[in-house]
Structures are given as structure tokens and as C-alpha cells.
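Here's the structure we're looking at; comments come further down.
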Amino acid sequence: MEKRRVVVTGIGAVTPLGLDASSSWEGAISGKSGVGMLTRLDAEAFPMKVAAEINSFDPADYLDRKEARKMDRFTQFAVVSAKEALKDSGLMITEENANRVGVWIGSGIGGMETYENQFRTFLEKGQRRVSPFFVPMMIPDMASGQVSIYTGAKGPNSCSVTACASGTNSIGDAFKVIQRGDADAMIAGGSEAPITNMAVAGFCSAKAVTTSEDPTTASRPFDKNRSGFVMGEGAGILILESLESASARGAKIYAEVVGYGSTGDAHHVTAPAPEGEGGARSMQAALDDSGLAKEEISYINAHGTSTDLNDPYETKAIKTVFQNHAYNLAVSSTKSMTGHLLGAAGAVEAIFSVKALEQGIIPPTINLNEPDPECDLDYVPNKARQSDVTAVLSNSLGFGGHNATLIFKKWQQ
């Protein structure tokens, strides 16, 4: 069976860099940091003092206030981003095409804020005071569910829950849905709102997050002085569409999706496999799927979490796959600016990847002032770079040993 070509025709985002895709991208290429002091929680209660928060987001600016109250924050982010992406794409969902438009939006932990609030209500006031919307607000698939309801998309509807790879897996899985002919368009991406008491407490106990009290330098992937990731929140949504569908309606095309790889480490619940072996297999699988030679990749948007193990292991994985070409590649971690958006990270980074292709600009890794000797690639330090980017590979590596890789190619008819 001939595989259908799949293109990106719309993007939408809510991130610590901006409340839409355009401002988020402009923030990324200007080297803006979305990290600030922790304000959504009592900072005195945690060793984590900084976070990449979205403090200016008011769901009532985008959604009916009554309906917004029935959604967890992560679902609000997803619906708002999906509405933006659909508008950007110009795709109209009607009775005629609704069955051929699907939704696939991932989340790593779903409605943690709702869970905590309702459990507190249960303890203090009893079962009868727990909201009837508790479960529908909490479950991770509800971003996909609510986006389907709001947009009228009646095609395949799913949610990949693969920790920090959730957004990338969701886009990759949606890509395959279109490629094999099960839908003509998919609303795909990831959303997360993890800045809650229990989520932060858990990550602090796992010693995964930085305890730096300087928000301007806290997120520093590949730097010798990195000390853990900075927790962030947000969403990224892409409209994926078959080339036939996009061409028939004269849609603007950002880029083509050409490769997807997904592997498991079978190693440890939080630590990556030694030498980044699982990540290397994921990248190779995406390359094989794309049909591109490794020399055709211009830029890698790295997982780049600013943690002790990820950064050198991902570097080693890149060298394993790309060999000598690894030193010709531009590699950057936009988490240096957005923080780590967990299940939304790969989706926002996919948006940055297609914008890099469209505009010929590679976003930087900020705060990279003293590179770790084990991290010796070109990480585009501190300043964006003009470049004729022809193909971009984007990595996401999650707890549980989940690895996912996407490859986007510059659009050519």
C-alpha cells in the first residue's frame, strides 16, 4: 500500500514564552527565558524555587466561563491551542468531513490540579461534595475528548500517555493514522499543567528538578553547571493533513512529516539506558521510516533536559546514529527557554522544528556558558542562527524508558 504524504498546515500553542504559537516562536529565536520564580504554589514548601509558569493565561478570554470551569488547566491549554491551530490552518470541520478529521493529544499526568483539589474536598467535606466532573476533568485523554467536542472532529480520537514523550508520540501516531488512510487530517499534540503541590513534591523527592534560585540561569542544558530540569506548563497543537487534502483546499504548508520512531529502554523507571541506547534506536527508526540519509538532517531539537544523565547520554546517542555527521549538525534545546513541559514538550518542540524549516532560523540553547566536556556537539549557544535548514529531527525521552523521534522536512511540492 502506498503511504500518503503528510504535511503540517496549522500550529497553535500556549507556552511560558507566549500565549500563541507566534509569540512563543519569537521568544525562542530571541533567546527569551520563560522561567521565573515559583508563584503558583507556596515556594517555601519546596526546594524547587523556580518554574516556567503561564501566569497571564485567563481561560475566560477564550472559552465560555462556565465550560472552562469543567476543564482542568491542561485541557484548557489544549482547547485554546487547538482553536488557534485550526484557525491558522483554515481547515473547516463540517458534517461532510468530520468523520475524516481526528484528534490525538497526549498528556503525561493529566489533571493533577483537579485531583488534588477534589481529594482535599473529599477529606474535608466528604464524598457527596466531590464534583461529578472530577473524573472527566482529571483523566489524561480529556484534552483529546474536549477538543473533539469543541471542534466537531469525529475521526480517530486518542491520547498517548508516555511521560515526557507523550506529545511526540501523539504527533507520530497521528501521522501514521493519516499516512495509512484512516483520516485526512488530525489535530495532534500535547498538553500539561503539572505545577501542582503533589507533582512538584514528587519531582523534588526524585531530585529531578533544579534547586537553583536564579531563574535567569536555572535551565542550562549541556552546561557543566546544570542541576536539573525546570518544570513548565503549556500546550502545543499541530494540524496534520494529507497532502491531497491540503492541496485540494490550497492550504499553506509549513513542513512535511516524513519520519517517526518509537522505542523502549527496558532499563529503569527514570534513568535513560546506558549510552542513550534506546534514544539512538528511536532516532535510527525515524531515519529509516523517513528514507532520508543521516547527512540530510540539518538540525536536531534535542530532548535536552538540563539533567545529569540526559544531556551526555543524548549526546552519545546522536553520535552513535550520526557518526561523523554529528559534528556537522546544529543541536539545540529549547527547554533552556520554555522549561520542561513534560507531556507537552515534544509538541511545542515540533512547532519550533517546523518553524525552523519555514524561516531558516535555528533557536538557541541559552545559558550554555561552560559546556560539559562530555557534551561536545554544536548546541547553538545563546544566540539563534540563520541557516538553510532542510530536515529537522526532534527527540523526546520519557520516564519508563519511552523514546520518540519525529523528522520534519522542508516543504517541497
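Starting from 1 in every chain, residues are counted up; chains themselves are A, B, ... following the order of the C-alpha cells, and ligands are numbered from 1 as listed.
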List every residue of region 230-344 of chain A that has an atom at most 6 Å from any atom of region 383-397 of chain A, giving for each one its closest atom pair and the distance in Å to one decimal, counting only C-alpha atoms, sorted by chain and then by ascending residue number, as a tab-separated table.
```
residue	atom	partner	partner_atom	distance
A:Ile297	CA	A:Ala391	CA	4.9
A:Ser298	CA	A:Ala391	CA	5.5
A:Tyr299	CA	A:Val392	CA	4.9
A:Ile300	CA	A:Leu393	CA	4.8
A:Asn301	CA	A:Ser394	CA	4.7
A:Ala302	CA	A:Asn395	CA	5.3
A:His303	CA	A:Ser396	CA	5.1
```
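The strand (DSSP E) portion of region 134-293 of chain A consists of Asn157, Ser158, Ala185, Met186, Ile187, Ala188, Gly189, Gly190, Ser191, Glu192, Gly234, Ala235, Gly236, Ile237, Leu238, Ile239, Leu240, Glu241, Ser242, Ala255, Glu256, Val257, Val258, Gly259, Tyr260, Gly261, Ser262, Thr263 and Gly264 of chain A, with states taken from DSSP on the backbone.
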For this session: Do a neighbour search on region 177-189 of chain A at 8 Å with only C-alpha atoms, toss out local chain neighbours closer than 2 positions, and write the hits as number ranges by chain.
Result: A: 3-6, 82, 99-106, 155-156, 167-168, 170-171, 173-175, 191, 235-242, 245, 344, 346-348
Would you mind exporting the chosen residues as an mmCIF file, in the first residue's frame, restricted to C-alpha atoms?
```cif
data_model
loop_
_atom_site.group_PDB
_atom_site.id
_atom_site.type_symbol
_atom_site.label_atom_id
_atom_site.label_comp_id
_atom_site.auth_asym_id
_atom_site.auth_seq_id
_atom_site.Cartn_x
_atom_site.Cartn_y
_atom_site.Cartn_z
ATOM 1 C CA LYS A 3 1.933 5.694 2.008
ATOM 2 C CA ARG A 4 0.233 9.062 1.802
ATOM 3 C CA ARG A 5 2.321 12.194 2.276
ATOM 4 C CA VAL A 6 1.511 14.155 5.438
ATOM 5 C CA ALA A 82 -6.325 23.615 19.053
ATOM 6 C CA ASN A 99 -15.584 11.683 10.198
ATOM 7 C CA ARG A 100 -12.244 12.150 8.419
ATOM 8 C CA VAL A 101 -10.749 14.575 10.981
ATOM 9 C CA GLY A 102 -9.385 13.076 14.188
ATOM 10 C CA VAL A 103 -7.735 14.175 17.435
ATOM 11 C CA TRP A 104 -4.659 12.737 19.163
ATOM 12 C CA ILE A 105 -3.390 14.781 22.094
ATOM 13 C CA GLY A 106 -1.077 13.388 24.768
ATOM 14 C CA GLY A 155 -12.456 10.728 13.355
ATOM 15 C CA PRO A 156 -9.934 8.668 15.351
ATOM 16 C CA GLY A 167 3.390 14.905 22.749
ATOM 17 C CA THR A 168 5.861 13.425 20.295
ATOM 18 C CA SER A 170 0.821 11.609 19.817
ATOM 19 C CA ILE A 171 2.017 13.514 16.750
ATOM 20 C CA ASP A 173 0.775 8.216 15.982
ATOM 21 C CA ALA A 174 -1.490 10.786 14.308
ATOM 22 C CA PHE A 175 0.953 10.975 11.383
ATOM 23 C CA SER A 191 -0.706 19.450 26.905
ATOM 24 C CA ALA A 235 0.427 23.002 25.170
ATOM 25 C CA GLY A 236 1.341 22.643 21.526
ATOM 26 C CA ILE A 237 -1.027 21.550 18.744
ATOM 27 C CA LEU A 238 -0.323 20.850 15.077
ATOM 28 C CA ILE A 239 -2.804 20.297 12.271
ATOM 29 C CA LEU A 240 -1.545 17.343 10.274
ATOM 30 C CA GLU A 241 -3.146 16.781 6.918
ATOM 31 C CA SER A 242 -2.766 14.520 3.929
ATOM 32 C CA SER A 245 -6.454 17.319 1.414
ATOM 33 C CA ALA A 344 3.584 18.900 26.065
ATOM 34 C CA GLY A 346 7.587 17.323 22.262
ATOM 35 C CA ALA A 347 4.575 19.073 20.736
ATOM 36 C CA VAL A 348 5.912 22.573 21.387
#
```
Problem set entry | Ala255 (chain A) surroundings by only C-alpha atoms, 12 Å radius, close-in-sequence under 3 positions cut, as a ChimeraX atom specification | /A:5-11,238-243,246,251-252,258,350-360,389-392,407-413
File dump, residues just selected, N, CA and C atoms, as a short mmCIF file (atom, residue, chain, number, x, y, z; two decimals), in the first residue's frame:
```
data_model
loop_
_atom_site.label_atom_id
_atom_site.label_comp_id
_atom_site.auth_asym_id
_atom_site.auth_seq_id
_atom_site.Cartn_x
_atom_site.Cartn_y
_atom_site.Cartn_z
N ARG A 5 1.48 11.13 1.73
CA ARG A 5 2.32 12.19 2.28
C ARG A 5 1.51 13.01 3.28
N VAL A 6 2.17 13.44 4.35
CA VAL A 6 1.51 14.15 5.44
C VAL A 6 2.23 15.48 5.66
N VAL A 7 1.46 16.55 5.76
CA VAL A 7 2.04 17.88 5.92
C VAL A 7 1.44 18.58 7.14
N VAL A 8 2.14 19.61 7.60
CA VAL A 8 1.67 20.44 8.71
C VAL A 8 1.07 21.71 8.13
N THR A 9 -0.21 21.96 8.44
CA THR A 9 -0.89 23.13 7.87
C THR A 9 -1.33 24.15 8.93
N GLY A 10 -1.18 23.83 10.20
CA GLY A 10 -1.56 24.78 11.23
C GLY A 10 -0.84 24.51 12.53
N ILE A 11 -0.62 25.55 13.32
CA ILE A 11 0.04 25.41 14.61
C ILE A 11 -0.64 26.31 15.64
N LEU A 238 -0.57 20.75 16.51
CA LEU A 238 -0.32 20.85 15.08
C LEU A 238 -1.52 20.28 14.32
N ILE A 239 -1.84 20.88 13.20
CA ILE A 239 -2.80 20.30 12.27
C ILE A 239 -2.01 19.53 11.24
N LEU A 240 -2.16 18.21 11.28
CA LEU A 240 -1.55 17.34 10.27
C LEU A 240 -2.60 17.02 9.23
N GLU A 241 -2.17 16.97 7.99
CA GLU A 241 -3.15 16.78 6.92
C GLU A 241 -2.51 16.00 5.77
N SER A 242 -3.29 15.18 5.12
CA SER A 242 -2.77 14.52 3.93
C SER A 242 -2.46 15.58 2.89
N LEU A 243 -1.46 15.34 2.08
CA LEU A 243 -1.10 16.31 1.04
C LEU A 243 -2.28 16.53 0.10
N ALA A 246 -4.70 18.94 1.84
CA ALA A 246 -4.14 20.29 1.93
C ALA A 246 -4.10 20.96 0.55
N ALA A 251 -4.15 25.00 1.00
CA ALA A 251 -3.66 25.36 2.33
C ALA A 251 -2.19 25.76 2.32
N LYS A 252 -1.84 26.65 3.24
CA LYS A 252 -0.43 26.94 3.49
C LYS A 252 0.20 25.72 4.14
N VAL A 258 7.94 13.33 7.78
CA VAL A 258 8.45 12.22 6.96
C VAL A 258 8.91 11.01 7.76
N ALA A 350 8.03 20.34 18.38
CA ALA A 350 7.68 20.06 16.98
C ALA A 350 7.30 21.36 16.27
N ILE A 351 6.59 22.25 16.96
CA ILE A 351 6.26 23.55 16.37
C ILE A 351 7.53 24.34 16.08
N PHE A 352 8.45 24.35 17.04
CA PHE A 352 9.72 25.06 16.82
C PHE A 352 10.50 24.43 15.65
N SER A 353 10.37 23.12 15.50
CA SER A 353 11.08 22.43 14.42
C SER A 353 10.53 22.85 13.05
N VAL A 354 9.21 22.90 12.91
CA VAL A 354 8.64 23.26 11.61
C VAL A 354 8.85 24.75 11.32
N LYS A 355 8.88 25.58 12.36
CA LYS A 355 9.17 27.00 12.14
C LYS A 355 10.62 27.20 11.74
N ALA A 356 11.52 26.39 12.28
CA ALA A 356 12.93 26.47 11.87
C ALA A 356 13.06 26.16 10.39
N LEU A 357 12.31 25.17 9.92
CA LEU A 357 12.32 24.83 8.50
C LEU A 357 11.73 25.95 7.65
N GLU A 358 10.62 26.50 8.12
CA GLU A 358 9.92 27.52 7.35
C GLU A 358 10.74 28.81 7.24
N GLN A 359 11.37 29.22 8.35
CA GLN A 359 12.03 30.51 8.38
C GLN A 359 13.54 30.46 8.25
N GLY A 360 14.13 29.25 8.30
CA GLY A 360 15.57 29.16 8.19
C GLY A 360 16.29 29.75 9.38
N VAL A 389 17.90 25.32 6.75
CA VAL A 389 17.51 24.05 7.36
C VAL A 389 16.64 23.26 6.39
N THR A 390 17.03 22.03 6.11
CA THR A 390 16.28 21.22 5.14
C THR A 390 15.53 20.06 5.78
N ALA A 391 16.04 19.54 6.89
CA ALA A 391 15.34 18.47 7.61
C ALA A 391 15.69 18.56 9.08
N VAL A 392 14.69 18.40 9.94
CA VAL A 392 14.86 18.53 11.38
C VAL A 392 14.41 17.24 12.07
N ILE A 407 10.72 13.34 12.44
CA ILE A 407 11.52 14.04 11.43
C ILE A 407 10.59 14.83 10.53
N PHE A 408 10.91 16.12 10.42
CA PHE A 408 10.19 17.04 9.52
C PHE A 408 11.12 17.48 8.41
N LYS A 409 10.55 17.67 7.23
CA LYS A 409 11.33 18.05 6.06
C LYS A 409 10.79 19.37 5.49
N LYS A 410 11.69 20.19 5.00
CA LYS A 410 11.28 21.43 4.36
C LYS A 410 10.31 21.13 3.22
N TRP A 411 9.24 21.93 3.16
CA TRP A 411 8.20 21.62 2.18
C TRP A 411 8.68 21.86 0.75
N GLN A 412 8.52 20.81 -0.04
CA GLN A 412 8.78 20.89 -1.48
C GLN A 412 7.66 20.13 -2.19
N GLN A 413 7.12 20.72 -3.22
CA GLN A 413 6.00 20.09 -3.93
C GLN A 413 6.37 18.72 -4.46
#
```
Do you know which residues are at most 9 Å from Thr114 (chain A) counting only C-alpha atoms, after dropping those on the same chain fewer than 2 positions away, and could you put them as a PDB file with C-alpha atoms, in the first residue's frame?
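Written out: part.pdb:
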```
ATOM      1  CA  MET A  71     -11.917  21.607  32.464  1.00  0.00           C
ATOM      2  CA  ASP A  72      -8.609  21.107  34.205  1.00  0.00           C
ATOM      3  CA  ARG A  73      -5.940  23.642  33.302  1.00  0.00           C
ATOM      4  CA  GLY A 111      -5.480  16.728  35.624  1.00  0.00           C
ATOM      5  CA  MET A 112      -3.279  16.743  38.706  1.00  0.00           C
ATOM      6  CA  GLU A 116      -5.573  17.401  44.398  1.00  0.00           C
ATOM      7  CA  ASN A 117      -8.439  19.874  44.787  1.00  0.00           C
ATOM      8  CA  GLN A 118     -11.109  17.177  44.775  1.00  0.00           C
ATOM      9  CA  PHE A 119      -9.212  14.905  47.158  1.00  0.00           C
ATOM     10  CA  PHE A 134     -13.942  15.117  38.857  1.00  0.00           C
ATOM     11  CA  VAL A 135     -13.119  12.086  36.687  1.00  0.00           C
ATOM     12  CA  MET A 137     -11.628  16.656  34.317  1.00  0.00           C
ATOM     13  CA  MET A 138      -8.769  14.511  35.619  1.00  0.00           C
TER      14      MET A 138
END
```
Produce a table with one row for each residue of region 208-304 of chain A that has an atom at most 8 Å from any atom of region 371-382 of chain A, each row naming the nearest atom pair and its distance in Å at one decimal; use only C-alpha atoms; arrange rows by chain and rising residue number; format as a tab-separated table.
```
residue	atom	partner	partner_atom	distance
A:Phe222	CA	A:Cys375	CA	5.9
A:Asp223	CA	A:Pro371	CA	4.4
A:Lys224	CA	A:Asp372	CA	4.0
A:Asn225	CA	A:Asp372	CA	7.8
```
Hey, can you spit out that residue selection with C-alpha atoms as a PDB file, in the first residue's frame?
```
ATOM      1  CA  PHE A 222      24.528  20.665  28.119  1.00  0.00           C
ATOM      2  CA  ASP A 223      26.250  23.082  30.515  1.00  0.00           C
ATOM      3  CA  LYS A 224      28.735  21.757  33.049  1.00  0.00           C
ATOM      4  CA  ASN A 225      26.867  23.538  35.857  1.00  0.00           C
TER       5      ASN A 225
END
```
